[in-house]
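This report concerns only the one structure given below.
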Amino acid sequence: MSPPPSSRTSSASPLSGFFGVFRYSRRALGLVWETSRWMMFGLALCTLVAGVLPAVAAWVGQLIVDGVVSAMESHQAATDPNLLVSIAPVLKLVGIEAVIIAFIALAQRGLSAQQSLLRALLGQKVNVMILEKAGQLSLSQFEDSELYDQLTRARREASTRPLALVNKTFGLLQNAISLGSFGVLLVQFSPWALLILVAGALPVFISEAKFSGDAFRLFRWRSPQTRMQIYLETVLAREDSIKEVKLFGLEGLFLKRYRDIFTQLFAEDRRLTLRRESWGFLLGLLGTLTFYAAYAWVVIETIAGALTLGQMTMYLMVFKQGQAALSASLTAISGMYEDNLYLSNLYEYLEQPVEGESGTLTQGALPGDGLRFEHVSFSYPGGDSVFQDPVLHDISLHLCPGQSLALVGENGSGKTTLIKLLTRLYHPTQGRILLDGSDLREWSTQALRERTGVIFQDFVRYQLQVGENLGVGDTHAFNDEQRWQRAARHGMADEFITRMASGYQTQLGRWFKNGQELSGGQWQKIALSRAYMRENADILVLDEPTAAMDAAAEAEIFARFREHSRDKMAILISHRFSTVRSADLILVIDQGHIIERGTHEELLETNGRYAKLFHLQAAGYK
């Protein structure tokens with residue numbers, strides 16, 4: 001029997017686990033390379049310059065100090081001293097050091113400038129990658145809370161982590177070059193100096209690596225709480241929810257929950273921060289002690305005459321800068337470890353499996369045959385088993401061009417799910433759906449959706465201009481004002497659009513300046529007009545399209561709909577029997593089963609569920 005994942009992880013070597021996360025470094029470098037090759041070259045060049053020149057500057061510094069001492073001795077010993085002759089070589093060295101320092105400053109400025117530009121470019125690239133991946137995911141994946149946690153983690157950190165990782169990689173390379181050049185100088189003093197240098201920096205590195213892993217595990221564990229905080233912020237600060245929040249007095253309740261989540265998360269952050277900084281300080285003292293031990297050693301050797309004053313100055317500078325470079329290198333490795341951990345979130349999300357779109361058909365095997373459901377059943381993924389209880393059971397129907405179908409049933413009976421299967425947002429668990437004699441899976445997604453015009457009951461209220469709100473119904477005509485106007489006339493939206501000051505250029509919603517909010521009925525007319533934008537669509541689906549409209553508007557809407565869909569396949573979902581009674585076929589769905597089917601008159605004669613509901617609703621109008 002295999003051990004649980006936690007035990008397998010714990011049994012693995014900590015060292016192999018530590019270095020195992022560095023597999024994302026290559027990908028991060030690849031991302032930067034794809035973003036800007038020239039800036040990648042620039043970073044490499046500036047890193048090389050900034051890595052080599054500090055050691056050169058220290059060596060020149062030694063020559064300056066020794067030159068000054070020599071000049072002083074020769075000047076004092078000369079009977080006819082010429083000061084200029086004595087100091088000329090030293091002044092030349094000072095000039096050389098000034099040029100070296102200028103190049104170091106230029107390299108550092110170049111690194112800073114390129115990192116700043118890459119931060120914007122790379123952040124945009126990664127965010128686009130995240131959004132492109134979102135466009136490839138299926139609807140069922142979007143309804144998975146675990147995927148939302150992955151998406152939240154990826155969006156919060158991953159857009160900045162690749163560049164941070166690349167910066168640390170180049171910083172590590174720069175410090176490695178510096179350490180190599182410092183090591184060449186230090187080994188001339190004593191090989192033991194290198195050992196002291198390493199021993200002083202290792203404890204801080206081990207501490208940082210340990211706490212970086214703790215911080216990442218904490219970050220992953222609390223993704224659901226973070227997402228709840230974001231949701232509560234949205235509810236408390238959005239115009240589409242604030243009315244109900246105020247009406248029910250929810251501000252205090254939701255704000256308390258928001259604060260409670262923060263209090264819990266902050267307590268965890270505080271514990272981790274205090275432990276991290278306390279251990280970092282204590283272990284950092286070891287580095288300080290090793291430096292001053294080396295300092296004393298160099299001073300003693302100088303006093304004993306083994307070193308010149310210039311060599312003492314150089315070794316102290318090299319040892320101090322070497323210790324700083326080594327500490328920076330180990331901190332960079334620790335930071336790279338942390339960045340790799342966070343990048344695992346990005347690639348965990350980007351590597352989510354997506355269902356391949358293998359369909360290529362643009363025309364069915366039996367043109368004109370219409371739409372067929374053959375023994376279709378569907379269950380949502382989830383629960384303890386692979387699938388939950390079926391939402392639809394053994395659905396069979398045939399809808400020909402020119403016919404209309406009405407779906408009637410209680411909320412949750414499966415009507416909207418049936419439409420999602422028709423539009424291939426889901427695939428049947430059992431059975432198949434045919435369009436013109438060919439399985440929907442064999443159709444090209446684009447061809448299928450161009451033939452379908454849908455308005456869902458939970459349609460989106462885009463914070464865009466009126467015309468763009470219509471144009472989203474057909475991206476090929478997104479900016480076509482004539483198409484906007486035709487669609488608006490069919491959906492009865494043109495009446496109020498023409499009364500607006502800016503007409504089809506009026507900004508809708510309250511998110512942006514001068515935005516105008518619409519009533520529920522007006523928004524439904526916008527959504528209905530959006531469905532009419534697909535003029536080539538021969539499958540029209542209206543899911544509760546008039547719930548917010550008055551009776552007169554509803555009657556006119558359906559009169560126009562019947563006229564517009566005369567030679568098309570029309571599917572209507574509604575709780576109002578006055579709108580469904582004229583359909584060629586009515587299906588009564590209960591808990592995913594078709595329990596009755598027929599015309600309005602046939603179902604009344606049957607005197608079953610449909611007749612009962614119809615008479616109950618009709619009695620309300622008497």
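Here, A, B, ... name the chains of the structure tokens in the order displayed, residue numbers run from 1 inside each chain, and ligands are numbered from 1 in the same displayed order.
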
Near A:Pro54, within 12 Å and counting only C-alpha atoms, which residues show up once chain neighbours fewer than 5 positions away are dropped, as a ChimeraX atom specification? /A:47-49,59-61,97-105,107-108,174-175,177-182,185,314,317-318,320-322,325

Please save N, CA, C and O atoms of the selected residues as a compact mmCIF listing (two decimals), in the first residue's frame.
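New file out32.txt:
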```txt
# COMPACT_ATOMS: atom_id res chain seq x y z
N THR A 47 25.34 42.92 -16.13
CA THR A 47 25.69 42.01 -15.02
C THR A 47 27.18 41.69 -15.03
O THR A 47 27.84 41.67 -13.99
N LEU A 48 27.71 41.43 -16.22
CA LEU A 48 29.13 41.12 -16.34
C LEU A 48 29.99 42.30 -15.87
O LEU A 48 30.93 42.14 -15.10
N VAL A 49 29.63 43.50 -16.34
CA VAL A 49 30.39 44.70 -15.96
C VAL A 49 30.31 44.94 -14.46
O VAL A 49 31.32 45.17 -13.78
N TRP A 59 41.49 46.40 -6.40
CA TRP A 59 42.91 46.23 -6.73
C TRP A 59 43.57 47.58 -7.03
O TRP A 59 44.67 47.87 -6.57
N VAL A 60 42.84 48.43 -7.79
CA VAL A 60 43.36 49.77 -8.08
C VAL A 60 43.46 50.57 -6.79
O VAL A 60 44.41 51.36 -6.60
N GLY A 61 42.51 50.38 -5.88
CA GLY A 61 42.55 51.06 -4.58
C GLY A 61 43.81 50.71 -3.82
O GLY A 61 44.42 51.56 -3.15
N GLU A 97 40.49 54.74 -11.34
CA GLU A 97 39.44 54.27 -10.42
C GLU A 97 38.15 55.03 -10.62
O GLU A 97 37.05 54.45 -10.55
N ALA A 98 38.25 56.33 -10.89
CA ALA A 98 37.04 57.13 -11.13
C ALA A 98 36.28 56.61 -12.36
O ALA A 98 35.04 56.51 -12.35
N VAL A 99 37.04 56.27 -13.42
CA VAL A 99 36.40 55.72 -14.62
C VAL A 99 35.74 54.38 -14.31
O VAL A 99 34.61 54.09 -14.77
N ILE A 100 36.44 53.55 -13.52
CA ILE A 100 35.88 52.24 -13.15
C ILE A 100 34.57 52.42 -12.37
O ILE A 100 33.56 51.76 -12.65
N ILE A 101 34.57 53.32 -11.39
CA ILE A 101 33.37 53.57 -10.59
C ILE A 101 32.24 54.10 -11.47
O ILE A 101 31.07 53.74 -11.29
N ALA A 102 32.59 54.95 -12.44
CA ALA A 102 31.58 55.48 -13.36
C ALA A 102 30.94 54.35 -14.17
O ALA A 102 29.71 54.32 -14.37
N PHE A 103 31.77 53.39 -14.63
CA PHE A 103 31.23 52.25 -15.40
C PHE A 103 30.35 51.36 -14.51
O PHE A 103 29.34 50.81 -14.97
N ILE A 104 30.76 51.19 -13.25
CA ILE A 104 29.92 50.41 -12.32
C ILE A 104 28.57 51.07 -12.14
O ILE A 104 27.52 50.41 -12.19
N ALA A 105 28.58 52.41 -11.95
CA ALA A 105 27.32 53.15 -11.79
C ALA A 105 26.46 53.06 -13.05
O ALA A 105 25.24 52.88 -12.98
N ALA A 107 26.51 50.60 -15.27
CA ALA A 107 25.97 49.23 -15.35
C ALA A 107 24.78 49.05 -14.41
O ALA A 107 23.77 48.43 -14.77
N GLN A 108 24.89 49.62 -13.21
CA GLN A 108 23.78 49.50 -12.26
C GLN A 108 22.55 50.25 -12.74
O GLN A 108 21.42 49.78 -12.61
N GLN A 174 26.06 37.95 -11.28
CA GLN A 174 26.93 39.10 -11.00
C GLN A 174 27.76 38.86 -9.74
O GLN A 174 28.98 39.09 -9.72
N ASN A 175 27.12 38.39 -8.68
CA ASN A 175 27.83 38.14 -7.43
C ASN A 175 28.81 36.99 -7.56
O ASN A 175 29.88 36.99 -6.93
N ILE A 177 30.46 36.24 -10.29
CA ILE A 177 31.62 36.82 -10.97
C ILE A 177 32.46 37.62 -9.99
O ILE A 177 33.71 37.53 -9.97
N SER A 178 31.78 38.43 -9.17
CA SER A 178 32.50 39.22 -8.16
C SER A 178 33.24 38.32 -7.20
O SER A 178 34.41 38.56 -6.86
N LEU A 179 32.57 37.25 -6.75
CA LEU A 179 33.21 36.33 -5.80
C LEU A 179 34.42 35.66 -6.42
O LEU A 179 35.44 35.44 -5.75
N GLY A 180 34.31 35.30 -7.69
CA GLY A 180 35.45 34.70 -8.37
C GLY A 180 36.65 35.64 -8.40
O GLY A 180 37.79 35.24 -8.13
N SER A 181 36.39 36.89 -8.74
CA SER A 181 37.48 37.86 -8.80
C SER A 181 38.00 38.20 -7.40
O SER A 181 39.21 38.35 -7.20
N PHE A 182 37.08 38.28 -6.40
CA PHE A 182 37.52 38.51 -5.03
C PHE A 182 38.35 37.32 -4.52
O PHE A 182 39.33 37.47 -3.78
N LEU A 185 41.94 37.33 -5.37
CA LEU A 185 42.72 38.23 -4.52
C LEU A 185 42.89 37.67 -3.12
O LEU A 185 43.99 37.73 -2.54
N MET A 314 43.09 46.80 0.76
CA MET A 314 42.46 45.99 -0.28
C MET A 314 41.79 44.75 0.30
O MET A 314 40.63 44.44 -0.02
N MET A 317 38.65 45.56 2.21
CA MET A 317 37.57 45.91 1.28
C MET A 317 37.06 44.67 0.55
O MET A 317 35.84 44.45 0.42
N VAL A 318 38.01 43.83 0.10
CA VAL A 318 37.62 42.63 -0.64
C VAL A 318 36.85 41.67 0.26
O VAL A 318 35.84 41.07 -0.15
N LYS A 320 35.10 42.43 2.96
CA LYS A 320 33.78 42.98 3.26
C LYS A 320 32.85 42.87 2.06
O LYS A 320 31.70 42.44 2.16
N GLN A 321 33.36 43.26 0.88
CA GLN A 321 32.53 43.16 -0.33
C GLN A 321 32.27 41.71 -0.70
O GLN A 321 31.19 41.36 -1.20
N GLY A 322 33.26 40.84 -0.47
CA GLY A 322 33.06 39.43 -0.76
C GLY A 322 31.99 38.82 0.13
O GLY A 322 31.16 38.02 -0.33
N ALA A 325 28.78 40.04 -1.15
CA ALA A 325 28.43 39.35 -2.40
C ALA A 325 27.97 37.93 -2.13
O ALA A 325 27.02 37.44 -2.74
```

May I ask which of the residues A:Phe142, A:Tyr380, A:Phe577, A:Phe266 is the closest one to A:Gln225, counting only C-alpha atoms?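 Among A:Phe142, A:Tyr380, A:Phe577, A:Phe266, it is A:Phe266 that comes nearest to A:Gln225.
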
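Shortest separation to A:Pro353 among A:Gln136, A:Thr35, A:Gln115, A:Ser565 occurs at residue A:Gln136, atoms counted being only C-alpha atoms.
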
Quick one: everything within 6 Å of A:Ser396, counting only C-alpha atoms, minus sequence neighbours fewer than 6 positions away in the same chain. Send it as a count of residues only. 3

Pick out the residues sitting within 12 Å of A:Ala164, and hand them over as a VMD selection string; count only C-alpha atoms, and ignore anything fewer than 2 positions along from it in its own chain. chain A and resid 25 28 to 29 32 115 to 116 118 to 119 122 to 123 157 to 162 166 to 172 332 to 333 335 to 340 342 to 343

Counting only C-alpha atoms, the option among A:Leu236, A:Ile87, A:Leu572, A:Leu434 closest to A:Ala365: A:Leu434

Please identify all polymer residues within 10 Å of stretch 589-593 of chain A, counting only C-alpha atoms, omitting same-chain residues fewer than 5 positions from it, and present them as a PyMOL selection string. chain A and resi 377-378+390-395+407-415+417-418+609-610

Restricted to all heavy atoms, what would the selected residues look like written as a short mmCIF file (atom, residue, chain, number, x, y, z; two decimals), in the first residue's frame?
```cif
data_model
loop_
_atom_site.label_atom_id
_atom_site.label_comp_id
_atom_site.auth_asym_id
_atom_site.auth_seq_id
_atom_site.Cartn_x
_atom_site.Cartn_y
_atom_site.Cartn_z
N SER A 377 -28.25 12.11 -21.32
CA SER A 377 -28.21 12.29 -19.87
C SER A 377 -26.98 13.11 -19.53
O SER A 377 -25.98 13.09 -20.27
CB SER A 377 -28.16 10.94 -19.14
OG SER A 377 -29.33 10.18 -19.39
N PHE A 378 -27.05 13.83 -18.41
CA PHE A 378 -25.91 14.67 -18.03
C PHE A 378 -25.82 14.77 -16.52
O PHE A 378 -26.82 14.93 -15.82
CB PHE A 378 -26.05 16.08 -18.61
CG PHE A 378 -24.94 17.01 -18.18
CD1 PHE A 378 -23.67 16.89 -18.70
CD2 PHE A 378 -25.18 17.98 -17.21
CE1 PHE A 378 -22.65 17.72 -18.28
CE2 PHE A 378 -24.17 18.82 -16.79
CZ PHE A 378 -22.89 18.69 -17.32
N PRO A 390 -27.47 12.51 -11.87
CA PRO A 390 -27.80 13.13 -13.16
C PRO A 390 -28.75 14.32 -13.02
O PRO A 390 -29.69 14.30 -12.23
CB PRO A 390 -28.46 11.98 -13.93
CG PRO A 390 -27.93 10.74 -13.29
CD PRO A 390 -27.77 11.07 -11.85
N VAL A 391 -28.46 15.36 -13.81
CA VAL A 391 -29.34 16.54 -13.87
C VAL A 391 -30.37 16.35 -14.97
O VAL A 391 -31.50 16.83 -14.86
CB VAL A 391 -28.50 17.80 -14.13
CG1 VAL A 391 -29.38 19.04 -14.24
CG2 VAL A 391 -27.47 17.98 -13.03
N LEU A 392 -29.99 15.66 -16.03
CA LEU A 392 -30.90 15.32 -17.13
C LEU A 392 -30.90 13.81 -17.33
O LEU A 392 -29.83 13.17 -17.27
CB LEU A 392 -30.48 16.02 -18.42
CG LEU A 392 -30.57 17.55 -18.45
CD1 LEU A 392 -29.98 18.09 -19.74
CD2 LEU A 392 -32.01 18.01 -18.31
N HIS A 393 -32.09 13.23 -17.59
CA HIS A 393 -32.23 11.78 -17.73
C HIS A 393 -32.88 11.46 -19.07
O HIS A 393 -34.02 11.87 -19.34
CB HIS A 393 -33.11 11.19 -16.62
CG HIS A 393 -32.66 11.49 -15.23
ND1 HIS A 393 -31.95 10.60 -14.46
CD2 HIS A 393 -32.82 12.60 -14.46
CE1 HIS A 393 -31.71 11.13 -13.28
NE2 HIS A 393 -32.22 12.34 -13.25
N ASP A 394 -32.15 10.75 -19.93
CA ASP A 394 -32.73 10.15 -21.13
C ASP A 394 -33.61 11.13 -21.92
O ASP A 394 -34.77 10.86 -22.21
CB ASP A 394 -33.55 8.91 -20.73
CG ASP A 394 -33.83 8.01 -21.93
OD1 ASP A 394 -33.02 8.03 -22.88
OD2 ASP A 394 -34.86 7.31 -21.90
N ILE A 395 -33.02 12.27 -22.30
CA ILE A 395 -33.75 13.29 -23.05
C ILE A 395 -33.67 12.98 -24.54
O ILE A 395 -32.57 12.86 -25.09
CB ILE A 395 -33.16 14.70 -22.79
CG1 ILE A 395 -33.21 15.03 -21.29
CG2 ILE A 395 -33.88 15.75 -23.61
CD1 ILE A 395 -34.60 15.16 -20.73
N LEU A 407 -39.70 24.99 -23.36
CA LEU A 407 -39.35 24.16 -22.22
C LEU A 407 -40.00 24.75 -20.98
O LEU A 407 -39.83 25.93 -20.68
CB LEU A 407 -37.83 24.11 -22.03
CG LEU A 407 -37.02 23.62 -23.23
CD1 LEU A 407 -35.52 23.68 -22.92
CD2 LEU A 407 -37.42 22.20 -23.63
N VAL A 408 -40.75 23.92 -20.27
CA VAL A 408 -41.49 24.37 -19.10
C VAL A 408 -41.10 23.49 -17.92
O VAL A 408 -40.95 22.27 -18.06
CB VAL A 408 -43.02 24.28 -19.34
CG1 VAL A 408 -43.78 24.67 -18.09
CG2 VAL A 408 -43.42 25.15 -20.51
N GLY A 409 -40.95 24.10 -16.77
CA GLY A 409 -40.62 23.33 -15.57
C GLY A 409 -40.19 24.24 -14.45
O GLY A 409 -39.94 25.44 -14.64
N GLU A 410 -40.11 23.66 -13.25
CA GLU A 410 -39.69 24.44 -12.09
C GLU A 410 -38.22 24.82 -12.19
O GLU A 410 -37.45 24.22 -12.94
CB GLU A 410 -39.93 23.63 -10.81
CG GLU A 410 -41.38 23.29 -10.55
CD GLU A 410 -41.55 22.43 -9.30
OE1 GLU A 410 -40.51 22.00 -8.75
OE2 GLU A 410 -42.70 22.20 -8.89
N ASN A 411 -37.83 25.82 -11.41
CA ASN A 411 -36.41 26.18 -11.34
C ASN A 411 -35.60 24.97 -10.87
O ASN A 411 -35.99 24.29 -9.92
CB ASN A 411 -36.20 27.35 -10.38
CG ASN A 411 -36.77 28.65 -10.91
OD1 ASN A 411 -36.84 28.85 -12.13
ND2 ASN A 411 -37.17 29.54 -10.02
N GLY A 412 -34.46 24.73 -11.54
CA GLY A 412 -33.62 23.60 -11.17
C GLY A 412 -34.03 22.29 -11.81
O GLY A 412 -33.45 21.26 -11.49
N SER A 413 -34.97 22.34 -12.73
CA SER A 413 -35.41 21.10 -13.36
C SER A 413 -34.48 20.64 -14.48
O SER A 413 -34.60 19.52 -14.95
CB SER A 413 -36.84 21.26 -13.91
OG SER A 413 -36.88 22.30 -14.87
N GLY A 414 -33.56 21.51 -14.92
CA GLY A 414 -32.60 21.12 -15.95
C GLY A 414 -32.76 21.82 -17.28
O GLY A 414 -32.06 21.48 -18.24
N LYS A 415 -33.66 22.82 -17.35
CA LYS A 415 -33.93 23.48 -18.63
C LYS A 415 -32.68 24.20 -19.17
O LYS A 415 -32.30 24.03 -20.33
CB LYS A 415 -35.09 24.48 -18.47
CG LYS A 415 -36.37 23.86 -17.93
CD LYS A 415 -37.51 24.86 -17.91
CE LYS A 415 -37.24 26.07 -17.02
NZ LYS A 415 -37.06 25.70 -15.59
N THR A 417 -29.59 23.78 -18.29
CA THR A 417 -28.53 22.81 -18.54
C THR A 417 -28.68 22.20 -19.93
O THR A 417 -27.69 21.99 -20.64
CB THR A 417 -28.56 21.69 -17.48
OG1 THR A 417 -28.39 22.27 -16.19
CG2 THR A 417 -27.46 20.67 -17.72
N LEU A 418 -29.91 21.95 -20.33
CA LEU A 418 -30.16 21.42 -21.66
C LEU A 418 -29.65 22.38 -22.74
O LEU A 418 -29.05 21.96 -23.74
CB LEU A 418 -31.66 21.15 -21.84
CG LEU A 418 -32.08 20.38 -23.09
CD1 LEU A 418 -33.31 19.52 -22.78
CD2 LEU A 418 -32.43 21.33 -24.23
N ARG A 609 -49.52 17.75 -15.61
CA ARG A 609 -48.81 18.82 -14.91
C ARG A 609 -48.93 20.16 -15.63
O ARG A 609 -49.15 21.18 -15.00
CB ARG A 609 -47.32 18.43 -14.81
CG ARG A 609 -46.42 19.50 -14.18
CD ARG A 609 -46.65 19.61 -12.68
NE ARG A 609 -46.29 18.38 -12.03
CZ ARG A 609 -45.04 18.05 -11.68
NH1 ARG A 609 -44.04 18.88 -11.91
NH2 ARG A 609 -44.80 16.90 -11.07
N TYR A 610 -48.77 20.14 -16.97
CA TYR A 610 -48.86 21.39 -17.73
C TYR A 610 -50.22 22.04 -17.54
O TYR A 610 -50.32 23.25 -17.28
CB TYR A 610 -48.60 21.12 -19.21
CG TYR A 610 -48.69 22.35 -20.08
CD1 TYR A 610 -47.58 23.18 -20.27
CD2 TYR A 610 -49.89 22.70 -20.70
CE1 TYR A 610 -47.67 24.31 -21.06
CE2 TYR A 610 -49.98 23.82 -21.50
CZ TYR A 610 -48.87 24.63 -21.68
OH TYR A 610 -48.96 25.75 -22.46
#
```

With only C-alpha atoms as the atoms that count, which of A:Phe496, A:Tyr148, A:Trp38, A:Tyr258 lies nearest to A:Gln352? A:Tyr148

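Here atom CA of A:Gln430 stands at a distance of 14.8 Å from atom CA of A:Leu397.
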
Would you kindly return, as a list in words, each protein, DNA or RNA residue with an atom no farther than 9 Å from any atom of stretch 579-583 of chain A, considering only C-alpha atoms and excluding same-chain residues fewer than 2 positions away? Gln403, Ser404, Leu405, Ala406, Leu407, Val408, Glu554, Ala555, Phe558, Ala570, Ile571, Leu572, Ile573, Ser574, His575, Arg576, Phe577, Leu585, Ile586, Thr599, His600 and Glu601 of chain A
